[in-house]
Amino acid sequence: MLISKPHRVAVLAYEGMAPFEFGVVVEVFGLPRPELDVPSWYTLDVCSETPGKPMAAMGGFSLTAAHGLDVLAAADTVIIPGAPVQGSPSPSLVSALRSVRGRLVSICSGAFSLAGAGLLDGRKVTTHWRYAALLASRYPAVQVDPTVLYVADGDVVTGAGSAAGIDVCLHLVRSDHGARIANIVARRMVIPPHREGGQAQFIETPVVAPDSGDPIGESMRWARQRLASPLTLTDMAKAAHMAPRTYQRRFTARLGVPPIRWLISQRIAASLPMLESPELPVERIATAVGFESPVTYRHHFTRAMRTSPSGYRRAFS
């Protein structure tokens, strides 16, 4: 529903904070925008547990919040930018967050503050891919999706890494004022109003280094050298000198995924440098990394990367 009255946004500031996510919130919600011709825009309050006291920020400067947690708790939208992942939020912050009757938003590791207050239990959320496993293990009642840029679950919105804070804030504007206004704000910021894909494009995939004489590792190395060829489970098992059933069981136990799924991921990874060069057509790339057709390649690529090969090329070429 589009808002037609002043909408109070509060952002939490804290000692040692990184300024990027905080700056995104200020840019979107703290600037007056009379040119937008909307009935009412946002007001922004910077809040902290120690209002009026200078707090050191990363980068060698300090900032002072004018408001305390009482103002934060009364806001229509509360935004928690990247927060420390060690420890738990203070009792006073937990109490304030639980008092909020409006929308709760986190950017990057800010999800740890909401989870620590028990406000993410049973919800689907995201955070920076580097912290996703930690968030999921520390708060098992939270459903963590590490592949998306942001998740809107009712009145709780969680965003991924730092730059995903822009996507989150534009989503909030889009929800409150519609796509036209969100697009205007995006143009003012010289950014796309909506980004394709998700964090899967940026997650570092670990490569398991085969030990000398390790049959599973040797079969992986053998397969990587033949990605352009049609390979089956039987082929990979033969390279490991194992029966296919035994090979599948031992491979999955070691890597957490079946051999063919691992093979698909290797083919997709091998295609990324080719996509970053504009000369090769997608059809030739699909063949070069061993997919039976461009359609199959696009299907698996989109499923794994949350964007199309052409979308990845536009972002990274």
# chains A, B, ... in the order shown; residues from 1 in each chain; ligands from 1

call {"tool": "residues_around", "arguments": {"residues": "Gly290 of chain A", "least_positions_apart": "3", "cutoff": "6 Å", "atoms": "only C-alpha atoms", "output": "list in words"}}
result
Leu227, Ala228, Ser229 and Thr287 of chain A

call {"tool": "residues_around", "arguments": {"residues": "Val85 of chain A", "least_positions_apart": "4", "cutoff": "12 Å", "atoms": "only C-alpha atoms", "output": "list of chain:residue names"}}
result
A:Met17, A:Pro81, A:Pro89, A:Cys108, A:Ser109, A:Gly110, A:Ala111, A:Phe112, A:Ser113, A:Leu114, A:Ala115, A:Gly116, A:Thr127, A:His128, A:Arg130, A:Tyr131, A:Ala132, A:Ala133, A:Leu134, A:Leu135, A:Arg138

call {"tool": "residues_around", "arguments": {"residues": "segment 46-55 of chain A", "least_positions_apart": "3", "cutoff": "9 Å", "atoms": "only C-alpha atoms", "output": "PDB file with C-alpha atoms, in the first residue's frame"}}
result
ATOM      1  CA  VAL A   9      12.725   5.764   9.345  1.00  0.00           C
ATOM      2  CA  ALA A  10      15.260   5.143  12.109  1.00  0.00           C
ATOM      3  CA  VAL A  11      18.752   3.783  11.478  1.00  0.00           C
ATOM      4  CA  LEU A  12      20.961   2.368  14.211  1.00  0.00           C
ATOM      5  CA  ALA A  13      24.493   3.744  14.620  1.00  0.00           C
ATOM      6  CA  TYR A  14      27.063   2.084  16.849  1.00  0.00           C
ATOM      7  CA  GLU A  15      30.722   2.217  17.824  1.00  0.00           C
ATOM      8  CA  GLY A  16      33.053   0.900  15.113  1.00  0.00           C
ATOM      9  CA  MET A  17      30.450   0.800  12.373  1.00  0.00           C
ATOM     10  CA  PHE A  61      36.104   9.664  11.806  1.00  0.00           C
ATOM     11  CA  SER A  62      33.351   9.769  14.394  1.00  0.00           C
ATOM     12  CA  LEU A  63      29.617  10.425  14.361  1.00  0.00           C
ATOM     13  CA  THR A  64      27.082  11.367  16.991  1.00  0.00           C
ATOM     14  CA  ALA A  65      23.488  10.141  17.045  1.00  0.00           C
ATOM     15  CA  ALA A  66      20.874  12.662  18.079  1.00  0.00           C
ATOM     16  CA  HIS A  67      18.361  10.092  19.287  1.00  0.00           C
ATOM     17  CA  GLY A  68      18.201   7.100  21.579  1.00  0.00           C
ATOM     18  CA  LEU A  69      16.542   3.714  21.366  1.00  0.00           C
ATOM     19  CA  ASP A  70      13.141   5.125  22.354  1.00  0.00           C
ATOM     20  CA  VAL A  71      12.958   6.935  19.015  1.00  0.00           C
ATOM     21  CA  LEU A  72      14.158   3.823  17.218  1.00  0.00           C
ATOM     22  CA  SER A  92      18.490  -2.583  25.796  1.00  0.00           C
ATOM     23  CA  LEU A  93      18.716  -3.024  22.006  1.00  0.00           C
TER      24      LEU A  93
END

call {"tool": "select_by_dssp", "arguments": {"residues": "segment 29-248 of chain A", "states": "alpha helix (DSSP H)", "output": "PyMOL selection string"}}
result
chain A and resi 29+69-74+91-99+111-116+132-138+164-177+179-188+215-224+233-239+244-248

call {"tool": "select_by_dssp", "arguments": {"residues": "segment 20-57 of chain A", "states": "strand (DSSP E or B)", "output": "list of chain:residue names"}}
result
A:Tyr42, A:Thr43, A:Leu44, A:Asp45, A:Val46, A:Cys47, A:Met55, A:Ala56, A:Ala57

call {"tool": "atom_distance", "arguments": {"atom1": "atom CA of Val105 of chain A", "atom2": "atom CA of Arg314 of chain A"}}
result
29.2 Å

call {"tool": "residues_around", "arguments": {"residues": "Thr126 of chain A", "least_positions_apart": "5", "cutoff": "7 Å", "atoms": "only C-alpha atoms", "output": "compact mmCIF listing (two decimals) with N, CA and C atoms, in the first residue's frame"}}
result
# COMPACT_ATOMS: atom_id res chain seq x y z
N VAL A 144 17.95 -19.44 6.48
CA VAL A 144 18.91 -18.55 5.83
C VAL A 144 19.10 -18.97 4.37
N ASP A 145 18.88 -18.02 3.46
CA ASP A 145 19.15 -18.23 2.03
C ASP A 145 20.34 -17.36 1.66
N PRO A 146 21.51 -17.96 1.41
CA PRO A 146 22.71 -17.16 1.15
C PRO A 146 22.86 -16.71 -0.30
N VAL A 148 20.53 -14.90 -2.34
CA VAL A 148 19.71 -13.81 -2.86
C VAL A 148 20.25 -12.45 -2.40
N TYR A 150 18.15 -9.86 -1.42
CA TYR A 150 17.35 -9.50 -0.25
C TYR A 150 16.14 -10.41 -0.18
N VAL A 151 15.55 -10.48 1.01
CA VAL A 151 14.34 -11.26 1.23
C VAL A 151 13.34 -10.38 1.96
N THR A 158 15.42 -8.45 4.92
CA THR A 158 16.85 -8.65 5.20
C THR A 158 17.63 -8.58 3.90
N GLY A 159 18.78 -7.91 3.94
CA GLY A 159 19.59 -7.74 2.74
C GLY A 159 20.93 -8.44 2.88
N ALA A 160 21.55 -8.68 1.74
CA ALA A 160 22.84 -9.36 1.69
C ALA A 160 23.97 -8.38 1.96

call {"tool": "closest_atom_pairs", "arguments": {"of": "segment 136-194 of chain A", "to": "segment 21-45 of chain A", "cutoff": "9 Å", "atoms": "only C-alpha atoms", "output": "JSON lines"}}
result
{"residue": "A:Ser162", "atom": "CA", "partner": "A:Glu21", "partner_atom": "CA", "distance": 5.8}
{"residue": "A:Ala163", "atom": "CA", "partner": "A:Glu21", "partner_atom": "CA", "distance": 7.5}
{"residue": "A:Ala164", "atom": "CA", "partner": "A:Glu21", "partner_atom": "CA", "distance": 8.8}
{"residue": "A:Gly165", "atom": "CA", "partner": "A:Glu21", "partner_atom": "CA", "distance": 6.1}
{"residue": "A:Ile166", "atom": "CA", "partner": "A:Val24", "partner_atom": "CA", "distance": 6.3}
{"residue": "A:Cys169", "atom": "CA", "partner": "A:Val28", "partner_atom": "CA", "distance": 6.8}
{"residue": "A:Leu170", "atom": "CA", "partner": "A:Val28", "partner_atom": "CA", "distance": 7.8}
{"residue": "A:Val173", "atom": "CA", "partner": "A:Val28", "partner_atom": "CA", "distance": 8.5}
{"residue": "A:His177", "atom": "CA", "partner": "A:Val38", "partner_atom": "CA", "distance": 7.9}
{"residue": "A:Ile181", "atom": "CA", "partner": "A:Leu36", "partner_atom": "CA", "distance": 6.9}
{"residue": "A:Ile184", "atom": "CA", "partner": "A:Leu36", "partner_atom": "CA", "distance": 7.8}
{"residue": "A:Val185", "atom": "CA", "partner": "A:Val28", "partner_atom": "CA", "distance": 7.6}
{"residue": "A:Met189", "atom": "CA", "partner": "A:Glu27", "partner_atom": "CA", "distance": 8.5}

call {"tool": "write_last_selection", "arguments": {"atoms": "C-alpha atoms", "output": "PDB file, in the first residue's frame"}}
result
ATOM      1  CA  SER A 162      26.988  -4.015   1.623  1.00  0.00           C
ATOM      2  CA  ALA A 163      25.901  -2.992  -1.883  1.00  0.00           C
ATOM      3  CA  ALA A 164      22.722  -5.044  -1.513  1.00  0.00           C
ATOM      4  CA  GLY A 165      21.683  -2.333   0.936  1.00  0.00           C
ATOM      5  CA  ILE A 166      20.891  -0.235  -2.138  1.00  0.00           C
ATOM      6  CA  CYS A 169      16.295   0.513   0.215  1.00  0.00           C
ATOM      7  CA  LEU A 170      14.927   0.746  -3.320  1.00  0.00           C
ATOM      8  CA  VAL A 173      10.667   2.813  -1.695  1.00  0.00           C
ATOM      9  CA  HIS A 177       5.552   4.642  -3.308  1.00  0.00           C
ATOM     10  CA  ILE A 181       9.129   6.759  -7.736  1.00  0.00           C
ATOM     11  CA  ILE A 184      13.351   8.091 -10.226  1.00  0.00           C
ATOM     12  CA  VAL A 185      15.331   7.665  -7.002  1.00  0.00           C
ATOM     13  CA  MET A 189      21.653   7.763  -7.604  1.00  0.00           C
TER      14      MET A 189
END

call {"tool": "closest_residue", "arguments": {"among": "A:Ala182, A:Leu104, A:Val156, A:Ala117", "to": "Ser90 of chain A", "atoms": "only C-alpha atoms"}}
result
A:Ala117

call {"tool": "decode", "arguments": {"residues": "segment 87-128 of chain A", "atoms": "N, CA and C atoms", "output": "mmCIF file, in the first residue's frame"}}
result
data_model
loop_
_atom_site.group_PDB
_atom_site.id
_atom_site.type_symbol
_atom_site.label_atom_id
_atom_site.label_comp_id
_atom_site.auth_asym_id
_atom_site.auth_seq_id
_atom_site.Cartn_x
_atom_site.Cartn_y
_atom_site.Cartn_z
ATOM 1 N N GLY A 87 29.256 -12.132 19.608
ATOM 2 C CA GLY A 87 28.407 -11.810 20.742
ATOM 3 C C GLY A 87 26.950 -11.663 20.360
ATOM 4 N N SER A 88 26.191 -11.032 21.240
ATOM 5 C CA SER A 88 24.753 -10.849 21.063
ATOM 6 C C SER A 88 24.405 -9.380 21.259
ATOM 7 N N PRO A 89 23.268 -8.936 20.709
ATOM 8 C CA PRO A 89 22.861 -7.542 20.945
ATOM 9 C C PRO A 89 22.593 -7.314 22.425
ATOM 10 N N SER A 90 22.796 -6.084 22.846
ATOM 11 C CA SER A 90 22.619 -5.749 24.260
ATOM 12 C C SER A 90 21.154 -5.900 24.669
ATOM 13 N N PRO A 91 20.890 -6.108 25.950
ATOM 14 C CA PRO A 91 19.497 -6.214 26.412
ATOM 15 C C PRO A 91 18.663 -4.986 26.056
ATOM 16 N N SER A 92 19.261 -3.793 26.120
ATOM 17 C CA SER A 92 18.490 -2.583 25.796
ATOM 18 C C SER A 92 18.121 -2.549 24.327
ATOM 19 N N LEU A 93 19.038 -2.992 23.428
ATOM 20 C CA LEU A 93 18.716 -3.024 22.006
ATOM 21 C C LEU A 93 17.674 -4.101 21.722
ATOM 22 N N VAL A 94 17.804 -5.252 22.364
ATOM 23 C CA VAL A 94 16.806 -6.311 22.192
ATOM 24 C C VAL A 94 15.427 -5.809 22.593
ATOM 25 N N SER A 95 15.346 -5.134 23.726
ATOM 26 C CA SER A 95 14.062 -4.609 24.202
ATOM 27 C C SER A 95 13.476 -3.609 23.214
ATOM 28 N N ALA A 96 14.327 -2.711 22.676
ATOM 29 C CA ALA A 96 13.852 -1.711 21.721
ATOM 30 C C ALA A 96 13.363 -2.376 20.432
ATOM 31 N N LEU A 97 14.127 -3.341 19.926
ATOM 32 C CA LEU A 97 13.736 -4.005 18.682
ATOM 33 C C LEU A 97 12.434 -4.780 18.850
ATOM 34 N N ARG A 98 12.257 -5.400 19.996
ATOM 35 C CA ARG A 98 11.014 -6.143 20.234
ATOM 36 C C ARG A 98 9.813 -5.235 20.408
ATOM 37 N N SER A 99 10.082 -3.954 20.682
ATOM 38 C CA SER A 99 8.988 -2.991 20.849
ATOM 39 C C SER A 99 8.521 -2.396 19.524
ATOM 40 N N VAL A 100 9.305 -2.603 18.470
ATOM 41 C CA VAL A 100 8.974 -1.998 17.182
ATOM 42 C C VAL A 100 7.669 -2.592 16.648
ATOM 43 N N ARG A 101 6.768 -1.752 16.235
ATOM 44 C CA ARG A 101 5.506 -2.194 15.640
ATOM 45 C C ARG A 101 5.486 -1.971 14.128
ATOM 46 N N GLY A 102 6.556 -1.394 13.613
ATOM 47 C CA GLY A 102 6.637 -1.151 12.172
ATOM 48 C C GLY A 102 7.484 -2.198 11.483
ATOM 49 N N ARG A 103 8.166 -1.793 10.457
ATOM 50 C CA ARG A 103 8.946 -2.680 9.596
ATOM 51 C C ARG A 103 10.374 -2.784 10.112
ATOM 52 N N LEU A 104 10.912 -4.005 10.135
ATOM 53 C CA LEU A 104 12.283 -4.245 10.566
ATOM 54 C C LEU A 104 13.132 -4.614 9.361
ATOM 55 N N VAL A 105 14.289 -3.959 9.242
ATOM 56 C CA VAL A 105 15.146 -4.140 8.072
ATOM 57 C C VAL A 105 16.580 -4.322 8.541
ATOM 58 N N SER A 106 17.284 -5.266 7.928
ATOM 59 C CA SER A 106 18.715 -5.409 8.198
ATOM 60 C C SER A 106 19.471 -5.391 6.888
ATOM 61 N N ILE A 107 20.701 -4.920 6.938
ATOM 62 C CA ILE A 107 21.612 -4.930 5.796
ATOM 63 C C ILE A 107 22.862 -5.676 6.218
ATOM 64 N N CYS A 108 23.305 -6.610 5.390
ATOM 65 C CA CYS A 108 24.522 -7.383 5.654
ATOM 66 C C CYS A 108 24.418 -8.084 7.015
ATOM 67 N N SER A 109 25.400 -7.926 7.879
ATOM 68 C CA SER A 109 25.419 -8.627 9.154
ATOM 69 C C SER A 109 24.456 -8.039 10.176
ATOM 70 N N GLY A 110 23.715 -7.008 9.808
ATOM 71 C CA GLY A 110 22.673 -6.488 10.701
ATOM 72 C C GLY A 110 21.648 -7.544 11.056
ATOM 73 N N ALA A 111 21.557 -8.603 10.242
ATOM 74 C CA ALA A 111 20.625 -9.695 10.534
ATOM 75 C C ALA A 111 20.934 -10.344 11.877
ATOM 76 N N PHE A 112 22.195 -10.315 12.307
ATOM 77 C CA PHE A 112 22.550 -10.921 13.588
ATOM 78 C C PHE A 112 21.874 -10.207 14.755
ATOM 79 N N SER A 113 21.681 -8.896 14.642
ATOM 80 C CA SER A 113 20.994 -8.167 15.707
ATOM 81 C C SER A 113 19.529 -8.559 15.777
ATOM 82 N N LEU A 114 18.878 -8.668 14.605
ATOM 83 C CA LEU A 114 17.467 -9.065 14.589
ATOM 84 C C LEU A 114 17.315 -10.507 15.066
ATOM 85 N N ALA A 115 18.211 -11.386 14.624
ATOM 86 C CA ALA A 115 18.141 -12.784 15.055
ATOM 87 C C ALA A 115 18.398 -12.909 16.546
ATOM 88 N N GLY A 116 19.352 -12.121 17.056
ATOM 89 C CA GLY A 116 19.662 -12.159 18.480
ATOM 90 C C GLY A 116 18.519 -11.677 19.346
ATOM 91 N N ALA A 117 17.631 -10.870 18.758
ATOM 92 C CA ALA A 117 16.444 -10.410 19.482
ATOM 93 C C ALA A 117 15.276 -11.378 19.314
ATOM 94 N N GLY A 118 15.514 -12.493 18.599
ATOM 95 C CA GLY A 118 14.464 -13.488 18.397
ATOM 96 C C GLY A 118 13.419 -13.095 17.385
ATOM 97 N N LEU A 119 13.749 -12.137 16.521
ATOM 98 C CA LEU A 119 12.752 -11.597 15.591
ATOM 99 C C LEU A 119 12.792 -12.254 14.217
ATOM 100 N N LEU A 120 13.735 -13.175 14.001
ATOM 101 C CA LEU A 120 13.829 -13.850 12.708
ATOM 102 C C LEU A 120 13.432 -15.324 12.788
ATOM 103 N N ASP A 121 13.063 -15.809 13.949
ATOM 104 C CA ASP A 121 12.705 -17.216 14.083
ATOM 105 C C ASP A 121 11.546 -17.573 13.148
ATOM 106 N N GLY A 122 11.734 -18.659 12.389
ATOM 107 C CA GLY A 122 10.692 -19.118 11.480
ATOM 108 C C GLY A 122 10.593 -18.337 10.190
ATOM 109 N N ARG A 123 11.452 -17.355 10.006
ATOM 110 C CA ARG A 123 11.407 -16.522 8.804
ATOM 111 C C ARG A 123 12.511 -16.907 7.828
ATOM 112 N N LYS A 124 12.257 -16.653 6.549
ATOM 113 C CA LYS A 124 13.284 -16.792 5.535
ATOM 114 C C LYS A 124 14.035 -15.466 5.448
ATOM 115 N N VAL A 125 15.366 -15.529 5.552
ATOM 116 C CA VAL A 125 16.170 -14.305 5.600
ATOM 117 C C VAL A 125 17.437 -14.507 4.772
ATOM 118 N N THR A 126 18.198 -13.428 4.638
ATOM 119 C CA THR A 126 19.528 -13.523 4.042
ATOM 120 C C THR A 126 20.483 -12.620 4.798
ATOM 121 N N THR A 127 21.743 -12.804 4.518
ATOM 122 C CA THR A 127 22.813 -11.948 5.025
ATOM 123 C C THR A 127 23.968 -12.093 4.054
ATOM 124 N N HIS A 128 25.084 -11.455 4.338
ATOM 125 C CA HIS A 128 26.250 -11.616 3.470
ATOM 126 C C HIS A 128 26.611 -13.094 3.394
#
